[in-house]
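Student: Dropping in input-v7.csv, which is CSV, C-alpha atoms:
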chain,number,residue,atom,x,y,z
A,1,MET,CA,-138.1,83.7,0.0
A,2,LEU,CA,-137.8,87.5,0.3
A,3,LEU,CA,-135.9,87.1,3.5
A,4,PHE,CA,-133.3,84.9,1.7
A,5,GLU,CA,-133.1,87.3,-1.2
A,6,ASN,CA,-132.3,90.0,1.3
A,7,LYS,CA,-129.5,87.9,2.7
A,8,GLU,CA,-128.1,87.4,-0.8
A,9,GLN,CA,-128.1,91.2,-1.4
A,10,LYS,CA,-126.4,91.7,2.0
A,11,LEU,CA,-123.6,89.4,0.9
A,12,ILE,CA,-123.2,91.2,-2.4
A,13,ASN,CA,-123.1,94.5,-0.5
A,14,ILE,CA,-120.4,93.2,1.8
A,15,LEU,CA,-118.3,92.1,-1.3
A,16,LYS,CA,-118.8,95.6,-2.9
A,17,PHE,CA,-117.7,97.2,0.4
A,18,ILE,CA,-114.7,95.0,1.4
A,19,GLY,CA,-113.6,93.6,-1.9
A,20,SER,CA,-113.1,90.3,-3.6
A,21,PRO,CA,-112.2,87.0,-1.9
A,22,PHE,CA,-109.9,86.3,-4.9
A,23,LYS,CA,-106.8,88.4,-5.1
A,24,LYS,CA,-104.1,88.6,-7.8
A,25,PHE,CA,-101.8,86.4,-5.8
A,26,VAL,CA,-99.3,83.7,-6.5
A,27,SER,CA,-97.9,81.6,-3.7
A,28,THR,CA,-94.1,82.0,-3.2
A,29,GLY,CA,-91.5,80.7,-0.8
A,30,GLU,CA,-91.8,83.9,1.2
A,31,ILE,CA,-95.6,84.5,0.9
A,32,GLU,CA,-97.7,81.9,2.5
A,33,GLU,CA,-100.9,80.6,1.0
A,34,ASP,CA,-103.5,80.0,3.7
A,35,ILE,CA,-106.2,78.3,1.6
A,36,GLY,CA,-106.4,74.5,2.2
A,37,LEU,CA,-105.9,71.8,-0.4
A,38,VAL,CA,-108.6,70.3,-2.5
A,39,GLN,CA,-109.0,66.5,-2.2
A,40,SER,CA,-106.9,65.4,-5.2
A,41,ARG,CA,-104.1,67.6,-3.9
A,42,GLN,CA,-104.5,66.2,-0.4
A,43,ASP,CA,-104.0,62.7,-1.8
A,44,PHE,CA,-101.0,63.9,-3.7
A,45,LEU,CA,-99.6,65.5,-0.6
A,46,GLN,CA,-100.0,62.3,1.4
A,47,GLU,CA,-98.0,60.4,-1.2
A,48,ILE,CA,-95.1,62.9,-0.8
A,49,VAL,CA,-95.3,62.7,3.0
A,50,SER,CA,-95.1,58.9,2.8
A,51,ILE,CA,-91.9,59.0,0.7
A,52,ILE,CA,-90.3,61.5,3.2
A,53,GLU,CA,-91.2,59.4,6.2
A,54,ARG,CA,-90.0,56.1,4.7
A,55,ASN,CA,-86.7,57.4,3.2
A,56,GLU,CA,-83.7,59.5,4.1
A,57,ASN,CA,-81.3,60.9,1.4
A,58,PHE,CA,-83.1,61.3,-1.9
A,59,ILE,CA,-84.1,63.6,-4.7
A,60,LEU,CA,-87.8,63.6,-5.4
A,61,PRO,CA,-88.9,65.3,-8.7
A,62,ILE,CA,-92.3,66.8,-8.8
A,63,ILE,CA,-93.5,67.7,-12.3
A,64,GLY,CA,-96.3,70.2,-12.9
A,65,ASP,CA,-96.9,72.8,-15.6
A,66,VAL,CA,-97.1,76.5,-14.9
A,67,GLY,CA,-99.9,77.3,-12.6
A,68,GLN,CA,-100.3,73.8,-11.2
A,69,GLY,CA,-99.6,75.0,-7.6
A,70,LYS,CA,-96.2,73.6,-7.0
A,71,THR,CA,-95.2,76.4,-4.6
A,72,HIS,CA,-98.6,76.1,-2.9
A,73,LEU,CA,-97.6,72.5,-2.3
A,74,TYR,CA,-94.6,73.6,-0.4
A,75,TRP,CA,-96.7,75.5,2.2
A,76,ALA,CA,-99.1,72.5,2.5
A,77,LEU,CA,-96.2,70.2,3.1
A,78,LYS,CA,-94.8,72.6,5.7
A,79,HIS,CA,-98.1,72.6,7.6
A,80,GLU,CA,-98.4,68.8,7.3
A,81,LEU,CA,-94.9,68.0,8.4
A,82,TYR,CA,-94.6,70.7,11.1
A,83,ASN,CA,-92.0,68.5,13.0
A,84,TYR,CA,-89.6,68.7,10.0
A,85,ASN,CA,-87.4,71.6,9.0
A,86,ILE,CA,-88.7,72.2,5.5
A,87,VAL,CA,-86.7,74.9,3.7
A,88,TYR,CA,-87.7,76.6,0.4
A,89,ILE,CA,-85.1,77.9,-2.0
A,90,SER,CA,-85.2,79.3,-5.5
A,91,LEU,CA,-82.1,78.9,-7.7
A,92,GLU,CA,-82.5,82.5,-8.9
A,93,THR,CA,-81.6,83.8,-5.5
A,94,VAL,CA,-79.1,81.3,-4.2
A,95,TYR,CA,-77.0,80.1,-7.2
A,96,LYS,CA,-74.1,82.5,-6.9
A,97,ARG,CA,-73.0,81.5,-3.3
A,98,PHE,CA,-75.1,78.4,-3.2
A,99,TYR,CA,-74.0,76.9,0.2
A,100,TYR,CA,-73.9,80.2,2.0
A,101,ASN,CA,-77.3,81.3,0.7
A,102,THR,CA,-78.8,77.9,1.4
A,103,TYR,CA,-77.4,78.0,4.9
A,104,ALA,CA,-78.9,81.4,5.4
A,105,GLU,CA,-82.3,80.1,4.3
A,106,PHE,CA,-82.0,77.3,6.9
A,107,ILE,CA,-81.3,79.8,9.6
A,108,GLU,CA,-84.2,82.0,8.6
A,109,ASN,CA,-86.5,78.9,8.7
A,110,LEU,CA,-85.6,78.2,12.3
A,111,GLY,CA,-88.0,80.9,13.5
A,112,GLU,CA,-89.9,84.0,12.7
A,113,LYS,CA,-88.0,86.2,15.1
A,114,SER,CA,-84.2,86.5,15.5
A,115,GLU,CA,-84.3,85.1,19.0
A,116,ASP,CA,-86.3,82.1,17.8
A,117,ARG,CA,-83.7,81.4,15.1
A,118,VAL,CA,-80.6,81.5,17.4
A,119,GLU,CA,-82.1,79.4,20.2
A,120,PRO,CA,-81.9,76.1,18.2
A,121,LEU,CA,-78.3,77.0,17.3
A,122,ARG,CA,-77.5,77.6,21.0
A,123,ASN,CA,-79.0,74.3,22.0
A,124,MET,CA,-77.0,72.5,19.3
A,125,THR,CA,-73.6,74.0,20.2
A,126,LYS,CA,-74.3,73.3,23.9
A,127,ARG,CA,-75.1,69.7,23.2
A,128,LEU,CA,-72.1,69.2,20.9
A,129,CYS,CA,-69.7,70.7,23.4
A,130,ASN,CA,-71.0,68.6,26.2
A,131,GLU,CA,-70.4,65.5,24.0
A,132,TRP,CA,-66.9,66.6,23.2
A,133,ASP,CA,-66.0,67.6,26.8
A,134,ILE,CA,-64.6,64.4,28.3
A,135,GLY,CA,-62.4,66.1,30.9
A,136,GLU,CA,-63.4,67.9,34.1
A,137,ARG,CA,-64.6,71.4,34.1
A,138,ARG,CA,-62.8,74.1,36.0
A,139,PHE,CA,-65.2,75.5,38.6
A,140,GLY,CA,-65.5,79.2,39.5
A,141,PHE,CA,-68.1,81.8,38.9
A,142,PHE,CA,-68.5,80.1,35.5
A,143,GLN,CA,-68.0,76.4,34.7
A,144,ILE,CA,-65.3,76.6,32.0
A,145,ALA,CA,-64.1,73.6,29.9
A,146,ASP,CA,-60.6,73.2,28.6
A,147,THR,CA,-61.3,74.6,25.2
A,148,GLU,CA,-58.3,73.1,23.4
A,149,GLU,CA,-59.1,69.6,24.8
A,150,VAL,CA,-62.7,69.9,23.7
A,151,ARG,CA,-61.5,70.9,20.2
A,152,LYS,CA,-59.1,67.9,20.0
A,153,GLN,CA,-61.9,65.6,21.0
A,154,ALA,CA,-64.3,67.1,18.5
A,155,TYR,CA,-61.8,66.7,15.7
A,156,LYS,CA,-61.1,63.1,16.7
A,157,ASN,CA,-64.9,62.4,16.6
A,158,TRP,CA,-65.6,64.1,13.3
A,159,SER,CA,-62.4,63.9,11.2
A,160,LYS,CA,-63.6,60.8,9.3
A,161,LYS,CA,-67.0,62.4,8.5
A,162,PHE,CA,-65.6,65.5,6.8
A,163,GLU,CA,-63.3,65.6,3.8
A,164,ASP,CA,-62.1,69.2,4.3
A,165,LYS,CA,-60.2,69.1,7.5
A,166,GLU,CA,-59.3,72.8,7.5
A,167,ALA,CA,-63.0,73.8,7.2
A,168,LEU,CA,-63.9,71.3,9.9
A,169,MET,CA,-61.4,73.0,12.3
A,170,GLU,CA,-62.9,76.4,11.5
A,171,VAL,CA,-66.4,75.2,12.4
A,172,ILE,CA,-65.2,73.4,15.5
A,173,THR,CA,-63.3,76.5,16.6
A,174,ALA,CA,-66.5,78.6,16.2
A,175,ILE,CA,-68.8,76.2,18.0
A,176,THR,CA,-66.4,75.7,21.0
A,177,ALA,CA,-65.8,79.5,21.3
A,178,HIS,CA,-69.6,79.9,21.4
A,179,GLN,CA,-70.0,77.5,24.3
A,180,CYS,CA,-66.6,77.4,26.1
A,181,ASP,CA,-65.5,81.1,26.0
A,182,PRO,CA,-68.0,83.5,27.5
A,183,TYR,CA,-65.9,86.5,26.3
A,184,LYS,CA,-66.2,85.4,22.6
A,185,LYS,CA,-69.8,84.1,22.7
A,186,VAL,CA,-71.3,87.1,20.9
A,187,GLU,CA,-68.9,87.1,18.0
A,188,ALA,CA,-69.1,83.3,17.7
A,189,GLU,CA,-72.9,83.5,17.5
A,190,ARG,CA,-72.7,86.1,14.8
A,191,TRP,CA,-70.4,83.8,12.8
A,192,LEU,CA,-72.7,80.8,13.3
A,193,ILE,CA,-75.8,82.7,12.0
A,194,GLY,CA,-73.9,83.7,8.9
A,195,ASP,CA,-73.1,87.4,9.6
A,196,LEU,CA,-70.4,88.9,7.5
A,197,MET,CA,-67.3,89.3,9.7
A,198,ASP,CA,-64.3,91.7,9.3
A,199,VAL,CA,-60.7,90.7,9.8
A,200,ARG,CA,-60.6,92.0,13.4
A,201,ASP,CA,-63.6,89.9,14.5
A,202,LEU,CA,-62.3,86.8,12.8
A,203,SER,CA,-58.9,87.3,14.4
A,204,ARG,CA,-60.5,87.5,17.8
A,205,LEU,CA,-62.1,84.2,17.2
A,206,ASN,CA,-58.9,82.7,15.8
A,207,LEU,CA,-60.7,82.1,12.5
A,208,LYS,CA,-59.6,82.8,8.9
A,209,HIS,CA,-62.9,83.1,7.1
A,210,ASP,CA,-66.6,83.6,7.7
A,211,LEU,CA,-69.3,81.5,6.1
A,212,ARG,CA,-69.0,83.1,2.7
A,213,LYS,CA,-66.2,80.7,2.0
A,214,ARG,CA,-67.6,77.8,0.0
A,215,ASN,CA,-66.1,74.8,1.9
A,216,ILE,CA,-66.8,76.3,5.3
A,217,SER,CA,-70.5,77.1,4.5
A,218,PHE,CA,-70.9,73.5,3.2
A,219,THR,CA,-69.3,72.1,6.3
A,220,MET,CA,-71.5,74.2,8.6
A,221,LEU,CA,-74.6,73.3,6.6
A,222,LYS,CA,-73.8,69.6,7.1
A,223,VAL,CA,-73.2,70.2,10.8
A,224,LEU,CA,-76.5,72.1,11.2
A,225,ILE,CA,-78.7,69.6,9.3
A,226,GLU,CA,-77.2,66.5,10.9
A,227,ASN,CA,-77.3,67.8,14.5
A,228,LEU,CA,-80.6,69.8,14.7
A,229,LYS,CA,-83.3,67.9,16.5
A,230,LYS,CA,-85.6,68.3,13.4
A,231,GLU,CA,-85.0,66.3,10.2
A,232,SER,CA,-84.6,68.5,7.1
A,233,VAL,CA,-86.3,68.7,3.7
A,234,LEU,CA,-84.9,71.1,1.0
A,235,PHE,CA,-87.6,72.2,-1.4
A,236,ILE,CA,-86.0,73.6,-4.6
A,237,ASP,CA,-88.6,75.3,-6.9
A,238,ASP,CA,-88.4,75.6,-10.7
A,239,PHE,CA,-85.4,73.3,-10.9
A,240,GLU,CA,-85.3,73.5,-14.7
A,241,ARG,CA,-83.7,76.9,-14.3
A,242,ILE,CA,-80.4,75.1,-13.5
A,243,ILE,CA,-80.2,74.4,-17.3
A,244,SER,CA,-80.1,78.0,-18.2
A,245,ILE,CA,-78.2,79.7,-15.4
A,246,LYS,CA,-75.7,82.2,-16.8
A,247,LYS,CA,-72.3,82.9,-15.5
A,248,PRO,CA,-72.5,86.4,-13.8
A,249,ALA,CA,-70.5,89.4,-14.8
A,250,TYR,CA,-68.0,90.2,-12.0
A,251,GLU,CA,-68.2,93.7,-10.7
A,252,THR,CA,-66.5,93.7,-7.4
A,253,SER,CA,-63.6,91.9,-5.7
A,254,ASP,CA,-66.0,89.9,-3.6
A,255,ASP,CA,-67.1,88.1,-6.8
A,256,LEU,CA,-63.5,86.8,-7.2
A,257,GLU,CA,-63.5,85.1,-3.8
A,258,GLU,CA,-63.8,81.5,-5.1
A,259,ILE,CA,-61.4,80.4,-7.8
A,260,GLU,CA,-63.9,77.9,-9.1
A,261,GLU,CA,-66.2,80.7,-10.1
A,262,VAL,CA,-63.5,82.7,-11.8
A,263,PHE,CA,-61.9,79.8,-13.7
A,264,ASP,CA,-63.1,79.6,-17.3
A,265,PRO,CA,-62.4,76.1,-18.8
A,266,ARG,CA,-62.1,77.6,-22.3
A,267,TRP,CA,-58.7,78.9,-21.3
A,268,PHE,CA,-57.5,75.3,-21.5
A,269,GLY,CA,-59.2,74.5,-24.8
A,270,VAL,CA,-62.4,73.0,-23.2
A,271,LYS,CA,-65.3,73.8,-25.5
A,272,GLN,CA,-67.9,74.7,-23.0
A,273,THR,CA,-70.0,77.9,-22.9
A,274,PRO,CA,-70.1,80.1,-19.8
A,275,GLU,CA,-73.8,79.3,-19.4
A,276,ASN,CA,-73.2,75.5,-19.4
A,277,TYR,CA,-70.2,75.9,-17.1
A,278,SER,CA,-72.1,77.9,-14.5
A,279,SER,CA,-75.1,75.6,-14.5
A,280,ASP,CA,-72.8,72.6,-14.2
A,281,LYS,CA,-71.1,74.1,-11.1
A,282,VAL,CA,-74.5,74.7,-9.5
A,283,LEU,CA,-75.6,71.2,-10.2
A,284,ASP,CA,-72.3,69.9,-8.7
A,285,LYS,CA,-73.0,71.8,-5.5
A,286,ILE,CA,-76.5,70.4,-5.3
A,287,LEU,CA,-75.4,66.9,-5.8
A,288,GLU,CA,-72.7,67.4,-3.2
A,289,LEU,CA,-75.6,67.7,-0.7
A,290,HIS,CA,-76.0,63.9,-0.8
A,291,LYS,CA,-73.1,63.8,1.7
A,292,ILE,CA,-75.3,65.3,4.3
A,293,ARG,CA,-76.9,62.5,6.2
A,294,GLY,CA,-80.7,62.6,6.3
A,295,LEU,CA,-81.2,65.5,3.9
A,296,ARG,CA,-84.2,64.9,1.7
A,297,ILE,CA,-84.4,67.1,-1.5
A,298,ILE,CA,-87.6,67.9,-3.4
A,299,ILE,CA,-87.3,69.5,-6.8
A,300,THR,CA,-90.1,70.9,-9.0
A,301,LEU,CA,-89.9,71.0,-12.8
A,302,LYS,CA,-92.3,72.0,-15.6
A,303,SER,CA,-91.9,68.9,-17.7
A,304,LYS,CA,-90.5,65.3,-18.0
A,305,GLU,CA,-88.2,66.6,-20.7
A,306,TYR,CA,-86.4,68.9,-18.3
A,307,LEU,CA,-86.1,66.0,-15.8
A,308,GLU,CA,-84.5,63.7,-18.5
A,309,GLU,CA,-82.0,66.4,-19.5
A,310,ILE,CA,-81.0,66.9,-15.8
A,311,LYS,CA,-80.7,63.1,-15.3
A,312,ARG,CA,-78.4,62.9,-18.3
A,313,LYS,CA,-76.2,65.6,-16.7
A,314,ILE,CA,-76.1,63.7,-13.4
A,315,GLU,CA,-75.3,60.4,-15.2
A,316,ASN,CA,-72.3,62.1,-17.0
A,317,LYS,CA,-71.0,63.3,-13.6
A,318,ASP,CA,-71.6,60.1,-11.5
A,319,ARG,CA,-74.0,57.4,-12.6
A,320,LYS,CA,-74.3,56.2,-9.0
A,321,LEU,CA,-76.0,59.5,-8.0
A,322,LEU,CA,-79.0,58.5,-10.2
A,323,LEU,CA,-79.9,56.1,-7.5
A,324,MET,CA,-80.8,59.1,-5.4
A,325,VAL,CA,-83.4,60.3,-7.9
A,326,LYS,CA,-86.8,58.9,-7.1
A,327,LYS,CA,-89.5,58.2,-9.7
A,328,PRO,CA,-91.2,61.6,-10.4
A,329,LEU,CA,-94.6,62.5,-9.1
A,330,ILE,CA,-96.9,64.2,-11.7
A,331,MET,CA,-99.2,67.0,-10.6
A,332,ALA,CA,-102.5,66.6,-12.5
A,333,ASN,CA,-104.9,69.4,-13.2
A,334,PHE,CA,-107.9,70.0,-11.0
A,335,GLU,CA,-110.9,67.7,-11.4
A,336,GLU,CA,-114.3,69.3,-11.6
A,337,GLU,CA,-115.0,68.7,-7.9
A,338,ASP,CA,-111.7,70.3,-7.1
A,339,VAL,CA,-112.7,73.5,-8.8
A,340,ILE,CA,-115.9,73.6,-6.7
A,341,ARG,CA,-114.1,72.7,-3.5
A,342,SER,CA,-111.4,75.4,-4.2
A,343,TYR,CA,-114.2,78.0,-4.7
A,344,LYS,CA,-115.9,77.1,-1.4
A,345,ASN,CA,-112.5,77.0,0.5
A,346,HIS,CA,-111.7,80.5,-0.6
A,347,LEU,CA,-115.2,81.8,0.4
A,348,ASP,CA,-115.2,80.0,3.7
A,349,PHE,CA,-111.8,81.4,4.6
A,350,PHE,CA,-112.6,84.9,3.4
A,351,PHE,CA,-115.9,85.3,5.3
A,352,ALA,CA,-114.4,83.7,8.4
A,353,ARG,CA,-111.5,86.2,8.3
A,354,ILE,CA,-113.9,89.2,8.2
A,355,ASN,CA,-116.1,87.6,10.9
A,356,TYR,CA,-119.2,87.3,8.7
A,357,TYR,CA,-120.6,84.2,10.3
A,358,ASP,CA,-123.9,84.4,8.5
A,359,TYR,CA,-122.1,83.0,5.4
A,360,SER,CA,-121.6,79.6,7.0
A,361,LYS,CA,-125.1,79.7,8.5
A,362,HIS,CA,-127.0,80.6,5.3
A,363,PHE,CA,-124.8,79.7,2.4
A,364,SER,CA,-122.8,76.6,3.5
A,365,ASN,CA,-124.8,74.4,1.0
A,366,SER,CA,-125.0,77.1,-1.7
A,367,PHE,CA,-122.6,78.3,-4.5
A,368,PHE,CA,-123.8,81.9,-4.2
A,369,PRO,CA,-123.0,84.3,-5.7
A,370,LEU,CA,-121.9,81.9,-8.4
A,371,THR,CA,-123.8,78.8,-9.6
A,372,GLU,CA,-122.8,75.2,-10.1
A,373,THR,CA,-123.3,75.8,-13.9
A,374,VAL,CA,-120.8,78.7,-13.8
A,375,LEU,CA,-118.3,76.6,-11.9
A,376,LYS,CA,-118.6,73.8,-14.4
A,377,TYR,CA,-118.1,76.3,-17.2
A,378,ILE,CA,-114.9,77.6,-15.5
A,379,PHE,CA,-113.6,74.0,-15.2
A,380,HIS,CA,-114.3,73.4,-18.9
A,381,GLU,CA,-112.6,76.6,-20.1
A,382,THR,CA,-109.5,76.2,-18.0
A,383,LYS,CA,-109.1,72.4,-18.3
A,384,GLY,CA,-108.6,72.4,-14.6
A,385,ASN,CA,-105.4,74.5,-14.4
A,386,PRO,CA,-105.4,75.9,-10.9
A,387,ARG,CA,-103.9,79.3,-11.8
A,388,GLU,CA,-106.3,79.8,-14.7
A,389,VAL,CA,-109.2,78.8,-12.5
A,390,LEU,CA,-108.2,81.5,-10.0
A,391,LYS,CA,-108.0,84.1,-12.9
A,392,TYR,CA,-111.6,83.3,-13.8
A,393,PHE,CA,-112.7,83.7,-10.1
A,394,ILE,CA,-110.9,87.1,-10.0
A,395,LYS,CA,-112.5,88.2,-13.2
A,396,ILE,CA,-116.0,87.3,-12.3
A,397,PHE,CA,-115.9,88.6,-8.8
A,398,ASN,CA,-114.4,91.9,-10.0
A,399,GLU,CA,-117.4,92.3,-12.3
A,400,ILE,CA,-119.8,91.5,-9.5
A,401,ILE,CA,-118.2,94.1,-7.3
A,402,ARG,CA,-117.6,96.9,-9.8
A,403,SER,CA,-120.4,96.5,-12.3
A,404,SER,CA,-123.9,98.0,-12.0
A,405,GLU,CA,-125.3,95.0,-13.9
A,406,LYS,CA,-127.6,92.6,-12.2
A,407,LEU,CA,-125.9,89.4,-10.9
A,408,GLU,CA,-128.0,87.2,-13.3
A,409,ASP,CA,-126.8,89.2,-16.3
A,410,ILE,CA,-123.2,88.9,-15.3
A,411,LEU,CA,-123.4,85.2,-14.7
A,412,THR,CA,-125.1,84.7,-18.1
A,413,LYS,CA,-121.7,85.3,-19.8
A,414,TYR,CA,-120.2,82.3,-18.0
A,415,GLN,CA,-122.7,79.6,-18.8
Go through the file and emit its structure as C-alpha cells.

Tutor:
Amino acid sequence: MLLFENKEQKLINILKFIGSPFKKFVSTGEIEEDIGLVQSRQDFLQEIVSIIERNENFILPIIGDVGQGKTHLYWALKHELYNYNIVYISLETVYKRFYYNTYAEFIENLGEKSEDRVEPLRNMTKRLCNEWDIGERRFGFFQIADTEEVRKQAYKNWSKKFEDKEALMEVITAITAHQCDPYKKVEAERWLIGDLMDVRDLSRLNLKHDLRKRNISFTMLKVLIENLKKESVLFIDDFERIISIKKPAYETSDDLEEIEEVFDPRWFGVKQTPENYSSDKVLDKILELHKIRGLRIIITLKSKEYLEEIKRKIENKDRKLLLMVKKPLIMANFEEEDVIRSYKNHLDFFFARINYYDYSKHFSNSFFPLTETVLKYIFHETKGNPREVLKYFIKIFNEIIRSSEKLEDILTKYQ
C-alpha cells in the first residue's frame, strides 16, 4: 500500500514540475487538436462520414452550441477521411475576396511544405495538358507541344462546363504555359498557387489578371477541385456569421477591384442595409459553389433558428438550391461516460507524450489524481458541455499543481 502511495506522490510531483495536462486551448482550423474523440462523438463522426461517402454535392448543417466541439470535429473528420481534401475556412477571414481566399486555403491544405503543395498542382497541369495534346510533339532537347493547338483543344473540351469564357481562357493559358513552355513555367506556377502578379509578369504570360479577380479565382477553384485526385470537402465554421457580415470600409484602390463590392443598391432606391447587402453577396458566392462537381460543404451553426433564417434566404434566391441542404445533424452534450473518457484520453496522451510509461502501467484502471465522484460532479455542474468540462479540469489541476493543500482537501470542494 505504501508503495502505491509513493507512486501517487511521484505522479503529483511530475505534474507540479511539468504542468497540467489540461491547457487553456480551443481547437481552431489552424491549431490541431490531438486528443481522440469520446464514444458518442465517434458515433456522430461516423454518421457524417457515411453522408460524405454516399453523396456528392450537398450542404450539411451541423448544429451545436458554443463549446460543443464543432471545430474539434473538423480535425477528427480530417484524420478519419485522410484520402479526402478537407479544407477549413472561417467567414471572418475569407468573406472579402471569398473565392481567392478559399482557393488559397485549398492550396495551403495540399501539404505542410511549399514543395508538397505545388506537387499536386504540377501533376494536375501535366495530366490536363496530356489530355488536351492531340497532336504530335516536336522533339528536341525538350519535348514541346504546339501550345496554341493544346489551348484550342482545351477550350473545345471545357467551353460547355464554364459560363465565363474569358476567365476559362485565362486559366487554360496559365495551365498550358506551365506545362508547354519551359521558359514561362516559374511565372505560371506562381500564378497557379495564387501569388500576386504585377503587370509585367502577367504580360509575359499573356494574361490580364491574377487570381484576385473574382471570376478567375472561381474558375480556377472549380478546375482544382474537379481535377485533383482527392475528392474535396469544404468545412465552413460558425456559418451564422453570414447573417451579420458588415460591408467593409474601403481604404485602398485594391478594395475597388470588383464592382459588385462597390455597388450600393440604395443608389437605385432599393431598401437594403449595407450589412444585409454584404452578407447576401457572400451567401451568393457560397451557393455558387454548387456548380463545382463533387464539392461537399459542411457548415456549423449555433442553433436551428440560424439555420431556418439562412434557409429562408436561400429560398428567396433559388428554391431549387434548398435541395442541396441536408437534414441537420445535432451535436449533443457529453454523456457522463464521455466526461470520464475525455479525462482519461487527456491523461493518456499527456503522460505518453512525456514518456512517463508508469502511468499506463499503474494507473490505467484508476482516475487518479481525481476520483469518479469528482468526475460525476463535473458532469452534473457542466451539463456535459465539452468546453465547460475542460474548464473544470483546468481549474482543478491548477489547484493540484499550485496549491500546498492536500489532494484530499482540494477534491472535497468538487464532490

Student: With all atoms listed in the file as the atoms that count, which of A:Asn83, A:Glu149, A:Lys311, A:Tyr95 lies nearest to Lys285 (chain A)?

Tutor: A:Tyr95

Student: Could you give me, as an MDAnalysis selection string, the residues within 10 Å of Trp191 (chain A), counting all atoms listed in the file and dropping anything in the same chain fewer than 3 positions from it?

Tutor: chainID A and resid 171 174:175 178 185:188 194:197 201:202 205 207 209:211

Student: Pick the closest to Tyr414 (chain A) from A:Lys96, A:His290, A:Lys213, A:Lys395: which is it, counting only C-alpha atoms?

Tutor: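 Of all the options, A:Lys395 lies closest to Tyr414 (chain A).
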
Student: Identify, on the basis of all atoms listed in the file, every residue whose closest approach to region 327-333 of chain A does not exceed 6 Å; exclude the query and any residue fewer than 2 positions from it along the same chain; express the result as an MDAnalysis selection string.

Tutor: chainID A and resid 61:64 384:385

Student: Which polymer residues have any atom within 10 Å of an atom of Met124 (chain A), counting all atoms listed in the file, with same-chain residues fewer than 5 positions away left out, as a short mmCIF file (atom, residue, chain, number, x, y, z; two decimals) with C-alpha atoms, keeping the file's coordinate frame?

Tutor:
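Wrote out-v8.cif, looks like this:
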data_model
loop_
_atom_site.label_atom_id
_atom_site.label_comp_id
_atom_site.auth_asym_id
_atom_site.auth_seq_id
_atom_site.Cartn_x
_atom_site.Cartn_y
_atom_site.Cartn_z
CA VAL A 118 -80.60 81.50 17.40
CA GLU A 119 -82.10 79.40 20.20
CA CYS A 129 -69.70 70.70 23.40
CA ASN A 130 -71.00 68.60 26.20
CA ILE A 175 -68.80 76.20 18.00
CA GLN A 179 -70.00 77.50 24.30
CA VAL A 223 -73.20 70.20 10.80
CA LEU A 224 -76.50 72.10 11.20
CA ASN A 227 -77.30 67.80 14.50
CA LEU A 228 -80.60 69.80 14.70
CA LYS A 229 -83.30 67.90 16.50
#

Student: For Leu411 (chain A), list every protein, DNA or RNA residue within 9 Å, evaluated using all atoms listed in the file, and leave out those in the same chain fewer than 3 positions away; present the list as JSON, numbers by chain.

Tutor: {"A": [370, 371, 374, 396, 400, 406, 407, 408, 414, 415]}

Student: With distances taken over all atoms listed in the file, which residue among A:Ile86, A:Ile18, A:Val66, A:Ile310 lies nearest Glu108 (chain A)?

Tutor: A:Ile86

Student: With all atoms listed in the file as the atoms that count, which of A:Tyr183, A:Phe351, A:Trp132, A:Tyr100 lies nearest to Leu221 (chain A)?

Tutor: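 Smallest distance to Leu221 (chain A) is found for A:Tyr100.
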
Student: Considering only C-alpha atoms, return as number ranges by chain whatever protein or nucleic-acid residues lie within 8 Å of region 293-306 of chain A, sequence-local ones (same chain, fewer than 6 positions apart) excluded.

Tutor: A: 52, 56-66, 70, 222, 225-226, 231-240

Student: Any idea what the distance is between CA of Lys383 (chain A) and CA of Glu337 (chain A)?

Tutor: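 Value for the CA of Lys383 (chain A)-CA of Glu337 (chain A) distance: 12.5 Å.
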
Student: Take CA of Ile107 (chain A) and CA of Pro182 (chain A) and report the distance between them in Å, one decimal.

Tutor: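 Separation of CA of Ile107 (chain A) and CA of Pro182 (chain A): 22.6 Å.
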
Student: Take CA of Cys180 (chain A) and CA of Val150 (chain A) and report the distance between them in Å, one decimal.

Tutor: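 One can read the CA of Cys180 (chain A) to CA of Val150 (chain A) distance as 8.8 Å.
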
Student: Check the smallest atom-to-atom distance from each of A:Phe350, A:Thr382, A:His362, A:Lys391 to Ile14 (chain A) using all atoms listed in the file, then report the winner.

Tutor: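 For Ile14 (chain A), the nearest of the given residues is A:Phe350.
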
Student: I need the residue nearest Glu131 (chain A) from this list: A:Met220, A:Val49, A:Ile314, A:Ala154. Use only C-alpha atoms for the distance.

Tutor: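 Comparing A:Met220, A:Val49, A:Ile314, A:Ala154 against Glu131 (chain A), the winner is A:Ala154.
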